[in-house]
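Chemist: So I've got this file, run08.cif, and it contains mmCIF, C-alpha atoms and all ligand atoms:
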data_protein
loop_
_atom_site.label_atom_id
_atom_site.label_comp_id
_atom_site.auth_asym_id
_atom_site.auth_seq_id
_atom_site.Cartn_x
_atom_site.Cartn_y
_atom_site.Cartn_z
CA MET A 1 85.12 -106.42 -2.52
CA LYS A 2 81.75 -107.65 -1.47
CA GLU A 3 82.64 -106.85 2.14
CA LYS A 4 83.77 -103.34 1.18
CA MET A 5 80.46 -102.72 -0.56
CA GLN A 6 78.57 -104.05 2.43
CA ALA A 7 80.56 -101.73 4.72
CA LEU A 8 79.88 -98.78 2.42
CA ARG A 9 76.18 -99.67 2.33
CA GLU A 10 75.95 -99.66 6.10
CA SER A 11 77.99 -96.51 6.76
CA SER A 12 76.46 -94.52 3.92
CA LEU A 13 72.80 -95.34 4.62
CA LYS A 14 73.29 -94.55 8.32
CA ALA A 15 75.05 -91.23 7.58
CA ILE A 16 72.30 -90.28 5.16
CA VAL A 17 69.52 -91.01 7.63
CA ASP A 18 71.34 -89.06 10.38
CA CYS A 19 72.11 -86.12 8.13
CA SER A 20 70.54 -82.91 9.43
CA SER A 21 70.58 -80.48 6.52
CA ALA A 22 70.18 -80.35 2.75
CA GLU A 23 73.75 -79.01 2.33
CA LEU A 24 75.32 -81.83 4.34
CA LEU A 25 73.22 -84.32 2.42
CA GLU A 26 74.59 -83.06 -0.87
CA ASP A 27 78.14 -83.38 0.53
CA LEU A 28 77.37 -87.00 1.46
CA ARG A 29 76.00 -87.77 -2.01
CA VAL A 30 79.23 -86.50 -3.59
CA LYS A 31 81.29 -88.34 -0.98
CA TYR A 32 79.67 -91.70 -1.86
CA LEU A 33 78.60 -91.41 -5.48
CA GLY A 34 80.73 -88.63 -6.94
CA LYS A 35 83.49 -89.20 -9.53
CA LYS A 36 86.04 -89.29 -6.74
CA GLY A 37 83.56 -90.93 -4.37
CA GLU A 38 83.85 -94.10 -2.36
CA LEU A 39 81.71 -96.30 -4.64
CA THR A 40 83.75 -95.22 -7.67
CA ALA A 41 86.92 -96.09 -5.78
CA ILE A 42 85.59 -99.60 -5.17
CA LEU A 43 84.51 -100.04 -8.79
CA ARG A 44 88.01 -99.14 -9.95
CA GLN A 45 89.16 -102.37 -8.46
CA MET A 46 86.79 -104.38 -10.75
CA GLY A 47 89.66 -104.97 -13.16
CA ALA A 48 91.26 -107.35 -10.69
CA LEU A 49 88.20 -109.60 -10.60
CA SER A 50 87.63 -112.73 -12.57
CA ALA A 51 85.24 -112.81 -15.55
CA GLU A 52 82.63 -114.66 -13.50
CA GLU A 53 82.84 -112.36 -10.52
CA ARG A 54 82.71 -109.12 -12.50
CA PRO A 55 78.98 -109.11 -13.52
CA VAL A 56 77.96 -110.20 -10.04
CA MET A 57 79.90 -107.37 -8.42
CA GLY A 58 78.70 -104.99 -11.11
CA GLN A 59 75.14 -105.80 -10.27
CA LEU A 60 75.79 -105.41 -6.54
CA ALA A 61 77.45 -102.05 -7.18
CA ASN A 62 74.51 -100.84 -9.29
CA GLN A 63 72.12 -101.92 -6.61
CA LEU A 64 74.18 -100.08 -3.98
CA ARG A 65 74.26 -96.91 -6.12
CA ALA A 66 70.48 -97.09 -6.57
CA ASP A 67 69.92 -97.62 -2.85
CA ILE A 68 72.17 -94.74 -1.86
CA GLU A 69 70.45 -92.51 -4.43
CA GLN A 70 67.08 -93.50 -3.12
CA ALA A 71 68.15 -92.92 0.50
CA VAL A 72 69.44 -89.47 -0.43
CA ALA A 73 66.19 -88.61 -2.22
CA ALA A 74 64.10 -89.87 0.69
CA ARG A 75 66.16 -87.90 3.23
CA ARG A 76 66.04 -84.80 1.05
CA ALA A 77 62.25 -84.99 0.98
CA GLU A 78 62.17 -85.48 4.74
CA LEU A 79 64.42 -82.48 5.37
CA ALA A 80 62.35 -80.29 3.05
CA ALA A 81 59.15 -81.31 4.80
CA GLY A 82 60.77 -80.64 8.18
CA ALA A 83 61.88 -77.19 7.07
CA LEU A 84 58.39 -76.36 5.88
CA GLU A 85 56.91 -77.59 9.12
CA ALA A 86 59.35 -75.52 11.17
CA LYS A 87 58.47 -72.49 9.06
CA LEU A 88 54.78 -73.08 9.47
CA GLU A 89 55.26 -73.55 13.18
CA LYS A 90 57.18 -70.30 13.47
CA GLU A 91 54.80 -68.28 11.37
CA THR A 92 51.62 -69.52 12.93
CA LEU A 93 48.69 -67.21 12.32
CA ASP A 94 45.57 -67.96 14.26
CA VAL A 95 42.86 -66.39 12.16
CA THR A 96 40.29 -67.11 14.86
CA MET A 97 42.02 -64.82 17.36
CA PRO A 98 40.31 -61.49 17.97
CA GLY A 99 42.11 -58.64 16.21
CA VAL A 100 43.82 -55.72 17.90
CA LYS A 101 41.18 -53.02 17.71
CA LYS A 102 42.48 -49.61 16.76
CA ARG A 103 40.33 -46.98 18.40
CA LEU A 104 39.93 -44.03 16.12
CA GLY A 105 39.00 -40.75 17.68
CA HIS A 106 36.40 -38.48 16.21
CA LYS A 107 35.29 -34.91 16.47
CA HIS A 108 34.03 -33.70 19.82
CA PRO A 109 30.25 -33.06 19.68
CA MET A 110 30.73 -29.43 20.65
CA TYR A 111 33.08 -28.89 17.72
CA ASN A 112 30.43 -30.33 15.40
CA VAL A 113 28.15 -27.54 16.55
CA LEU A 114 30.93 -25.00 16.18
CA ASP A 115 31.63 -26.15 12.62
CA GLN A 116 27.96 -25.86 11.78
CA ILE A 117 27.91 -22.27 13.05
CA LYS A 118 31.16 -21.40 11.27
CA ASP A 119 29.65 -22.73 8.02
CA ILE A 120 26.57 -20.55 8.43
CA PHE A 121 28.65 -17.40 8.97
CA ILE A 122 31.26 -18.20 6.33
CA GLY A 123 28.34 -18.59 3.94
CA MET A 124 27.38 -14.99 4.79
CA GLY A 125 30.86 -13.67 4.05
CA PHE A 126 32.32 -13.69 7.56
CA GLU A 127 35.97 -14.55 8.16
CA ILE A 128 37.21 -16.58 11.12
CA GLU A 129 39.46 -14.55 13.43
CA ASP A 130 41.72 -16.04 16.08
CA GLY A 131 43.25 -14.32 19.07
CA PRO A 132 44.93 -14.74 22.45
CA GLU A 133 43.38 -16.34 25.53
CA VAL A 134 46.00 -14.60 27.67
CA GLU A 135 44.89 -11.04 27.19
CA LEU A 136 45.59 -7.50 28.33
CA ALA A 137 42.99 -5.94 30.62
CA ASP A 138 43.07 -3.11 28.12
CA TYR A 139 41.55 -5.35 25.45
CA ASN A 140 39.33 -7.43 27.71
CA PHE A 141 37.88 -4.37 29.49
CA THR A 142 39.17 -0.84 28.90
CA LYS A 143 38.91 -0.62 25.11
CA LEU A 144 35.47 -2.21 25.46
CA ASN A 145 34.33 0.75 27.51
CA ILE A 146 34.24 -1.31 30.71
CA ASP A 147 35.26 1.12 33.44
CA GLU A 148 37.63 0.50 36.33
CA SER A 149 34.87 -0.09 38.87
CA HIS A 150 32.96 -2.67 36.82
CA PRO A 151 32.33 -5.82 38.92
CA SER A 152 33.58 -8.17 36.17
CA ARG A 153 37.08 -6.73 36.73
CA ASP A 154 37.06 -8.02 40.29
CA TRP A 155 39.71 -10.54 41.35
CA THR A 156 36.91 -12.79 42.59
CA ASP A 157 35.57 -13.03 39.02
CA THR A 158 38.61 -12.91 36.76
CA PHE A 159 41.90 -14.86 36.60
CA TYR A 160 44.78 -12.36 36.68
CA PHE A 161 48.44 -13.12 36.05
CA THR A 162 49.90 -9.93 37.50
CA PRO A 163 49.20 -8.07 40.77
CA ASP A 164 48.60 -4.86 38.80
CA SER A 165 45.61 -6.52 37.06
CA ARG A 166 47.17 -5.85 33.67
CA ILE A 167 47.32 -9.37 32.24
CA LEU A 168 44.50 -11.89 32.54
CA LEU A 169 42.73 -14.85 31.01
CA ARG A 170 40.10 -13.31 28.79
CA THR A 171 36.63 -13.46 30.34
CA GLN A 172 34.85 -13.08 27.01
CA THR A 173 35.63 -13.20 23.29
CA SER A 174 34.67 -9.51 22.94
CA PRO A 175 38.35 -8.37 22.99
CA MET A 176 38.41 -9.99 19.53
CA GLN A 177 36.23 -7.09 18.39
CA ILE A 178 39.07 -4.74 19.29
CA HIS A 179 41.75 -6.93 17.68
CA ALA A 180 39.68 -7.20 14.51
CA MET A 181 39.06 -3.47 14.28
CA GLU A 182 42.74 -2.71 14.92
CA ARG A 183 43.90 -5.27 12.38
CA ARG A 184 41.36 -4.64 9.66
CA LYS A 185 39.71 -1.77 7.85
CA PRO A 186 35.92 -1.66 7.33
CA PRO A 187 33.99 -3.36 5.92
CA ILE A 188 34.62 -5.94 8.66
CA ARG A 189 32.75 -9.20 9.04
CA ILE A 190 34.40 -11.64 11.45
CA LEU A 191 33.51 -14.59 13.61
CA ALA A 192 35.86 -15.34 16.53
CA PRO A 193 35.25 -18.55 18.47
CA GLY A 194 37.42 -19.48 21.43
CA ARG A 195 37.90 -20.29 25.08
CA VAL A 196 37.09 -17.85 27.85
CA TYR A 197 37.72 -18.08 31.59
CA ARG A 198 35.82 -17.00 34.69
CA LYS A 199 36.18 -17.87 38.36
CA ASP A 200 33.12 -20.09 38.54
CA GLU A 201 32.70 -23.29 40.48
CA VAL A 202 32.06 -26.37 38.34
CA ASP A 203 28.46 -27.53 38.32
CA ALA A 204 25.91 -28.76 35.78
CA THR A 205 25.74 -25.35 34.08
CA HIS A 206 29.06 -23.69 34.97
CA SER A 207 32.73 -24.24 34.25
CA PRO A 208 35.73 -21.93 34.86
CA MET A 209 36.60 -22.46 31.19
CA PHE A 210 34.01 -22.39 28.45
CA HIS A 211 33.66 -21.31 24.84
CA GLN A 212 32.16 -18.25 23.25
CA ILE A 213 31.64 -17.20 19.67
CA GLU A 214 32.00 -13.51 18.93
CA GLY A 215 30.62 -11.92 15.80
CA LEU A 216 31.32 -8.42 14.52
CA VAL A 217 30.16 -6.43 11.53
CA VAL A 218 31.40 -2.89 10.81
CA ASP A 219 30.46 -1.02 7.67
CA LYS A 220 28.75 2.13 6.44
CA GLY A 221 25.03 2.25 7.14
CA VAL A 222 24.86 -0.85 9.36
CA THR A 223 21.76 -0.78 11.57
CA MET A 224 20.00 -2.67 14.34
CA SER A 225 17.67 -4.19 11.75
CA ASP A 226 20.69 -5.81 10.08
CA LEU A 227 21.59 -7.29 13.45
CA LYS A 228 18.08 -8.64 13.98
CA ALA A 229 17.66 -9.99 10.47
CA THR A 230 21.05 -11.71 10.45
CA LEU A 231 20.65 -13.26 13.89
CA ASN A 232 17.10 -14.41 13.10
CA LEU A 233 18.43 -16.14 10.03
CA VAL A 234 21.21 -17.81 12.02
CA VAL A 235 18.73 -18.97 14.66
CA GLU A 236 16.53 -20.49 11.94
CA LYS A 237 19.51 -22.34 10.50
CA ILE A 238 20.51 -23.69 13.90
CA TYR A 239 17.11 -24.38 15.46
CA GLY A 240 14.96 -24.83 12.38
CA LYS A 241 12.55 -22.70 10.38
CA GLY A 242 9.77 -21.03 12.31
CA THR A 243 11.74 -20.77 15.56
CA VAL A 244 10.30 -17.80 17.44
CA THR A 245 12.83 -15.24 18.69
CA ARG A 246 12.64 -12.35 21.11
CA PHE A 247 15.07 -9.45 21.37
CA ARG A 248 15.05 -8.25 24.97
CA PRO A 249 16.68 -4.95 26.04
CA HIS A 250 19.86 -5.45 28.04
CA HIS A 251 23.03 -3.62 28.94
CA PHE A 252 26.60 -4.15 27.79
CA PRO A 253 29.14 -1.32 28.17
CA PHE A 254 30.51 -1.89 24.62
CA THR A 255 27.22 -1.88 22.73
CA GLU A 256 24.49 0.74 22.57
CA PRO A 257 21.70 -0.16 22.33
CA SER A 258 22.21 -3.68 23.72
CA CYS A 259 19.94 -6.69 23.78
CA GLU A 260 19.73 -10.34 24.55
CA LEU A 261 18.25 -12.78 22.09
CA ASP A 262 15.97 -15.52 23.39
CA ILE A 263 14.34 -18.31 21.45
CA GLN A 264 10.99 -19.71 22.36
CA CYS A 265 11.55 -23.10 23.98
CA HIS A 266 11.47 -25.71 21.20
CA LYS A 267 10.60 -28.40 23.73
CA CYS A 268 7.39 -26.94 25.19
CA GLY A 269 6.59 -24.24 22.65
CA GLY A 270 6.74 -21.55 25.33
CA LYS A 271 4.51 -23.10 27.96
CA GLY A 272 7.36 -23.72 30.38
CA CYS A 273 9.21 -26.99 30.98
CA PRO A 274 12.44 -28.28 32.57
CA THR A 275 14.46 -27.44 29.41
CA CYS A 276 13.59 -23.74 29.67
CA LYS A 277 13.39 -23.89 33.47
CA GLY A 278 9.72 -22.97 33.30
CA GLU A 279 10.46 -19.71 31.47
CA GLY A 280 9.15 -20.62 28.04
CA TRP A 281 12.23 -18.89 26.57
CA ILE A 282 15.89 -19.84 26.27
CA GLU A 283 18.58 -17.17 26.27
CA VAL A 284 20.91 -17.63 23.30
CA LEU A 285 23.21 -14.63 23.05
CA GLY A 286 24.03 -11.03 23.91
CA ALA A 287 24.29 -8.43 21.17
CA GLY A 288 24.06 -4.79 20.28
CA MET A 289 25.27 -1.92 18.15
CA VAL A 290 28.99 -1.31 18.66
CA HIS A 291 29.39 1.66 21.01
CA PRO A 292 30.71 4.78 19.21
CA LYS A 293 33.41 5.10 21.88
CA VAL A 294 34.65 1.59 21.06
CA LEU A 295 34.71 2.38 17.33
CA SER A 296 36.64 5.62 17.74
CA GLY A 297 39.01 3.95 20.24
CA CYS A 298 40.00 1.62 17.39
CA GLY A 299 40.45 4.48 14.93
CA ILE A 300 37.13 4.00 13.17
CA ASP A 301 35.06 7.15 12.70
CA PRO A 302 31.61 6.52 14.26
CA ASP A 303 30.15 9.31 12.13
CA VAL A 304 31.02 7.31 9.01
CA TYR A 305 30.80 3.74 10.19
CA SER A 306 28.53 1.73 12.44
CA GLY A 307 28.56 -1.88 13.51
CA TRP A 308 26.91 -4.62 15.43
CA ALA A 309 28.30 -7.43 17.53
CA PHE A 310 27.14 -10.50 19.35
CA GLY A 311 28.57 -13.06 21.71
CA MET A 312 27.14 -16.48 22.38
CA GLY A 313 28.02 -19.45 24.57
CA LEU A 314 28.94 -22.56 22.65
CA GLU A 315 28.48 -25.16 25.41
CA ARG A 316 24.87 -24.21 25.98
CA LEU A 317 24.18 -24.51 22.28
CA ALA A 318 25.76 -27.99 22.12
CA LEU A 319 23.88 -29.10 25.24
CA GLY A 320 20.62 -28.05 23.61
CA GLU A 321 21.40 -29.58 20.25
CA TYR A 322 22.41 -32.97 21.66
CA LYS A 323 19.96 -32.93 24.59
CA ILE A 324 22.84 -33.18 27.07
CA THR A 325 21.75 -32.20 30.57
CA ASP A 326 25.09 -31.69 32.31
CA MET A 327 27.84 -29.41 31.02
CA ARG A 328 30.51 -31.41 32.86
CA LEU A 329 30.05 -34.20 30.31
CA ILE A 330 31.38 -31.83 27.64
CA PHE A 331 34.72 -31.47 29.43
CA GLU A 332 35.23 -34.81 31.14
CA ASN A 333 36.15 -36.41 27.82
CA ASP A 334 34.92 -39.83 28.84
CA VAL A 335 35.05 -41.86 25.61
CA ARG A 336 31.96 -43.82 26.63
CA PHE A 337 30.09 -40.52 26.46
CA LEU A 338 31.86 -39.03 23.43
CA GLU A 339 31.50 -42.22 21.36
CA GLN A 340 27.76 -41.67 21.20
CA PHE A 341 28.03 -38.72 18.85
N1 LIG A 401 30.68 -10.46 25.76
C1 LIG A 401 29.32 -10.52 26.19
C2 LIG A 401 29.19 -11.57 27.29
O1 LIG A 401 30.13 -12.30 27.55
C3 LIG A 401 28.36 -10.85 25.07
C4 LIG A 401 28.29 -9.78 24.01
C5 LIG A 401 29.12 -9.82 22.90
C6 LIG A 401 27.37 -8.75 24.09
C7 LIG A 401 29.03 -8.86 21.93
C8 LIG A 401 27.26 -7.80 23.11
C9 LIG A 401 28.11 -7.85 22.02
O2 LIG A 401 28.18 -11.68 27.93
#
Please re-express this file's structure in structure tokens.
Ligand code: PHE
Modeler:
Amino acid sequence: MKEKMQALRESSLKAIVDCSSAELLEDLRVKYLGKKGELTAILRQMGALSAEERPVMGQLANQLRADIEQAVAARRAELAAGALEAKLEKETLDVTMPGVKKRLGHKHPMYNVLDQIKDIFIGMGFEIEDGPEVELADYNFTKLNIDESHPSRDWTDTFYFTPDSRILLRTQTSPMQIHAMERRKPPIRILAPGRVYRKDEVDATHSPMFHQIEGLVVDKGVTMSDLKATLNLVVEKIYGKGTVTRFRPHHFPFTEPSCELDIQCHKCGGKGCPTCKGEGWIEVLGAGMVHPKVLSGCGIDPDVYSGWAFGMGLERLALGEYKITDMRLIFENDVRFLEQF
């Protein structure tokens, strides 16, 4: 019996130490110490021992039970520690590593300027009107009183889609005047920003695609002084109070009378500098009273209604506001440039 217990001691302790998982370890514990286990089987034979031998064997058996229990507990702790270590190893998080930077975009500087202008006009009761960039020559030219021989209709100036010069990329936002007057009934107050296209070579001040903002007011009793007062107010809001303006006579086929609005150079105060190209003045927009022919062409009676309109370039405004010297920067979309705004 002593030999059997010794054999069990050796085999069980070795199996426990070699055991590789908590489940197998539990199986081993039952195998050795359970009710039907190997130690119990040995103890059953105690009855055959003599009275002197019995307590000695009993003590040996108790010692063996305690040792196996202790070995199981020790191995269990080892396995648990190993599992934790493996988990830690697998889920390593190095908090000193640099994070993955998510680059968030933000609004293009030119659209900041556009939003500012929209706000000013919305505050005065204007509505934003949207329309097509692919336009009929009828809307881009004819209905705007621009006759067939006008140089802006030339194929060297305008992008046409069809050989009959019927469909084109709009060269100005002024066709939005026509759309607005056809869609709406007076009183009309709209602002129509958008892209326009002209066959220009790219340089510091030109691009074949650029943005304009068209404004149109049609109502009873609208006069040139409304035009001047409104645009002066807008200029003050954009360029600051006290900005000096000048309305200079001009010609547009769809307005009569027509003018261009200049502001006195805010850099040099009118003396002449690189910003105003030595002129002392910076041209801001074209404007005028809507031509009676244009009104009646849209079904609005020029004897009852009158209106004024303006068109201004957005890029130039943004360049001025952000002191950007080259228009190409606006379109190149280099994040190193755009991130500065
Ligand atoms: N469409 C004109 C241009 O592109 C500007 C303009 C708009 C002039 C409205 C008068 C009225 O130059």
Chemist: May I ask which of the residues A:Asp18, A:Asp94, A:Glu85, A:Asp200 is the closest one to A:Thr156, counting all atoms listed in the file?
Modeler: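 When distances to A:Thr156 are compared using all atoms listed in the file, the smallest one comes from A:Asp200.
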Chemist: Using only C-alpha atoms and all ligand atoms, tabulate the residues of chain A lying at most 7 Å from any atom of ligand LIG 401 (chain A), each with its closest atom pair and that distance in Å to one decimal, by chain and increasing residue number, as a tab-separated table.
Modeler:
residue	atom	partner	partner_atom	distance
A:Gln172	CA	A:LIG401	O1	4.8
A:Thr173	CA	A:LIG401	N1	6.2
A:Ser174	CA	A:LIG401	N1	5.0
A:Glu214	CA	A:LIG401	C5	6.1
A:Phe252	CA	A:LIG401	C6	6.0
A:Phe254	CA	A:LIG401	C8	6.9
A:Thr255	CA	A:LIG401	C8	5.9
A:Ser258	CA	A:LIG401	C8	6.5
A:Leu285	CA	A:LIG401	C3	6.7
A:Gly286	CA	A:LIG401	C6	4.0
A:Ala287	CA	A:LIG401	C8	3.6
A:Gly288	CA	A:LIG401	C8	5.2
A:Ala309	CA	A:LIG401	C9	4.5
A:Phe310	CA	A:LIG401	C7	3.6
A:Gly311	CA	A:LIG401	C5	3.5
A:Met312	CA	A:LIG401	C3	6.4
Chemist: When you look at stretch 261-271 of chain A with a cut-off of 6 Å (counting only C-alpha atoms), what residues show up, excluding the ones that are within fewer than 4 positions of it in the same chain? I need them as an MDAnalysis selection string.
Modeler: chainID A and resid 244:247 280:285
Chemist: Using all atoms listed in the file, which protein or nucleic acid residues come within 10 Å of A:Ile117? Drop anything in the same chain fewer than 5 positions from it, and give the result as number ranges by chain.
Modeler: A: 111-112, 122-123, 191, 193, 213, 234-235, 237-238, 314
Chemist: Considering only C-alpha atoms, return as a PyMOL selection string whatever protein or nucleic-acid residues lie within 9 Å of A:Phe159, sequence-local ones (same chain, fewer than 2 positions apart) excluded.
Modeler: chain A and resi 155-157+161+167-171+197-199
Chemist: Which one of A:Ile120, A:Ile190, A:Val113, A:Val217 sits closest to A:Ala318 if you count all atoms listed in the file?
Modeler: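 Once distances to A:Ala318 are computed over all atoms listed in the file, the minimum belongs to A:Val113.
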Chemist: In the coordinate frame of the file, compute which residues have an atom within 12 Å of (68.7, -82.4, 7.6) when using only C-alpha atoms, and state them as a list in words.
Modeler: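 Protein and nucleic acid residues near the point are Ala15, Ile16, Val17, Asp18, Cys19, Ser20, Ser21, Ala22, Glu23, Leu24, Leu25, Glu26, Asp27, Leu28, Val72, Ala73, Ala74, Arg75, Arg76, Ala77, Glu78, Leu79, Ala80, Ala81, Gly82 and Ala83 of chain A.
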Chemist: Using all atoms listed in the file, which residue out of A:Ala204, A:Met209, A:Met110, A:Met181 lies closest to A:Tyr305?
Modeler: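 Of the candidates, the smallest distance to A:Tyr305 is held by A:Met181.
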Chemist: Considering only C-alpha atoms, return as an MDAnalysis selection string whatever protein or nucleic-acid residues lie within 9 Å of A:Glu339, sequence-local ones (same chain, fewer than 5 positions apart) excluded.
Modeler: chainID A and resid 105:106 334
Chemist: Just the residues within 12 Å of A:Arg54, please, counting all atoms listed in the file, with nothing from its chain fewer than 4 positions along; format it as a list in words.
Modeler: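 Near neighbours after the sequence-gap exclusion: Met1, Lys2, Leu43, Arg44, Gln45, Met46, Gly47, Ala48, Leu49, Ser50, Gly58, Gln59, Leu60 and Ala61 of chain A.
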Chemist: Work out how far atom CA of A:Asp130 is from atom CA of A:Arg248, in Å to one decimal.
Modeler: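 Calculated distance between atom CA of A:Arg248 and atom CA of A:Asp130 is 29.2 Å.
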Chemist: Which one of A:Arg166, A:Lys185, A:Arg29, A:His211 sits closest to A:Ile300 if you count only C-alpha atoms?
Modeler: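 When distances to A:Ile300 are compared using only C-alpha atoms, the smallest one comes from A:Lys185.
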Chemist: Nearest residue to A:Glu260 out of A:Leu144, A:Cys273, A:Met289, A:Ile178, using only C-alpha atoms?
Modeler: A:Met289
Chemist: If you measure from atom CA of A:Val222 to atom CA of A:Ser152, what distance in Å do you get, rounded to one decimal?
Modeler: 29.1 Å
Chemist: Do you have the atom CA of A:His250-atom CA of A:Ile324 distance handy?
Modeler: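 Atom CA of A:His250 sits 27.9 Å away from atom CA of A:Ile324.
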Chemist: Using all atoms listed in the file, pick whichever of A:Asn145, A:Asn140, A:Thr205, A:Ser225 has the shortest atom-to-atom distance to A:Tyr160.
Modeler: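 Going through A:Asn145, A:Asn140, A:Thr205, A:Ser225 one by one, the smallest distance to A:Tyr160 is for A:Asn140.
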